[in-house]
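One structure below.
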Amino acid sequence: MKIIRVSSYEELSRKAAELIAAQIILKPDCVLGLATGSTPIGTYRNLVQKYRQGELDFSEVTTFNLDEYLDLTPDHPQSYRYFMNSNLFSQVNLRSERTHVPDGCAQDPAAYGAEYDQAIRDHGGIDLQLLGIGNNGHIAFNEPCDRFVPETHVVELKESTIEANKRFFNSVEEVPTKAITLGIASIMQAKKVLLIADGKGKKDAVEKSFFGPVCPEVPASVLQLHPDLTVICNVD
Ligand code: F6R
């Protein structure tokens, strides 16, 4: 595990984008695992800038996103598909058929989850997985739990997650209570994992996850077992 401590959000975003850019340059047809939330916005902004400056070509890149709220359609402004289209996909030369965000409206989420995991395997797995971290230590929407769930699955969001995410909605009642999320196996099978954590509110989650015991009550702690984990944090 490599921990890079930075002192600003700008530095965090620049360093994260540099690592992702290096991945794309070294393997132009790489598979990126992508996250939403407020933390990666600056990273995506830096990647867009590199693309505009002619430093990056996304034409052969494939992406798989971590999660999606249940029952939000792709055109809903708070859906993660909408977020990705706005912040990255529409800004670079990614081919839309190579972008994947879990379908929160799938008729049979269990069957759909198995297909999503299979699609990742069919693409040879994820080369680099970008992750944020929840205040409660969640990664993707793998919430604190009594076991690590390996496969893509539907979760009930914890009160603390709903509370943290209400800032994106008009009211707390509008925040979906369920989501579909990649499980721990696909994340752990990624060849490289890059986790970004910003703000004092994440300090406790970072300490518990990377300096405490590995346990499903702190989902991100499983990453201690990943052979190629980089954490960039601005939490002091
Ligand atoms: C989003 C995701 C979540 C977020 C986490 C932190 O795709 O998987 O685990 O990374 O909730 O969100 P922010 O960055 O908004 O603090």
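Residue names in the structure tokens use chain letters A, B, ... in the order shown, residue numbers from 1 in each chain, and ligand numbers from 1 in the order shown.
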Could you give me, as a VMD selection string, each residue of range 46-199 of chain A that DSSP assigns to helix (DSSP H, G or I) when run on this structure's backbone?
chain A and resid 46 to 52 80 to 87 89 to 91 96 to 98 109 to 122 159 to 168 172 to 174 184 to 189
List as a ChimeraX atom specification the protein and nucleic acid residues lying within 10 Å of ligand 1, with only C-alpha atoms and all ligand atoms counted.
/A:33-41,65-69,80,83-84,101,130-143,161-162,164-165,167-168,181-182,195-199,201-202,220
Exercise: Ser8 in chain A partners within 10 Å, only C-alpha atoms, chain neighbours under 3 positions left out, as a ChimeraX atom specification
/A:5,11-14,198-199,233-236
Between CA of Asp127 in chain A and CA of Leu225 in chain A, what is the distance in Å, rounded to a tenth?
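According to the coordinates, CA of Asp127 in chain A and CA of Leu225 in chain A are separated by 16.9 Å.
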Measure the distance from CA of Ser86 in chain A to CA of Tyr44 in chain A in Å and round it to one decimal.
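Distance between the two atoms: 10.2 Å.
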Could you check which of A:Gln53, A:Gln129, A:Ser79, A:Gln91 is closest to Pro176 in chain A, using only C-alpha atoms?
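Closest candidate: A:Ser79.
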Residues within 7 Å of Val155 in chain A, only C-alpha atoms, excluding chain neighbours under 3 positions, as an NGL selection string:
:A and (178-180)
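Counting only C-alpha atoms, the residue from A:Asp57, A:Asp146, A:Glu217, A:Asp71 that sits nearest to Lys27 in chain A is A:Asp57.
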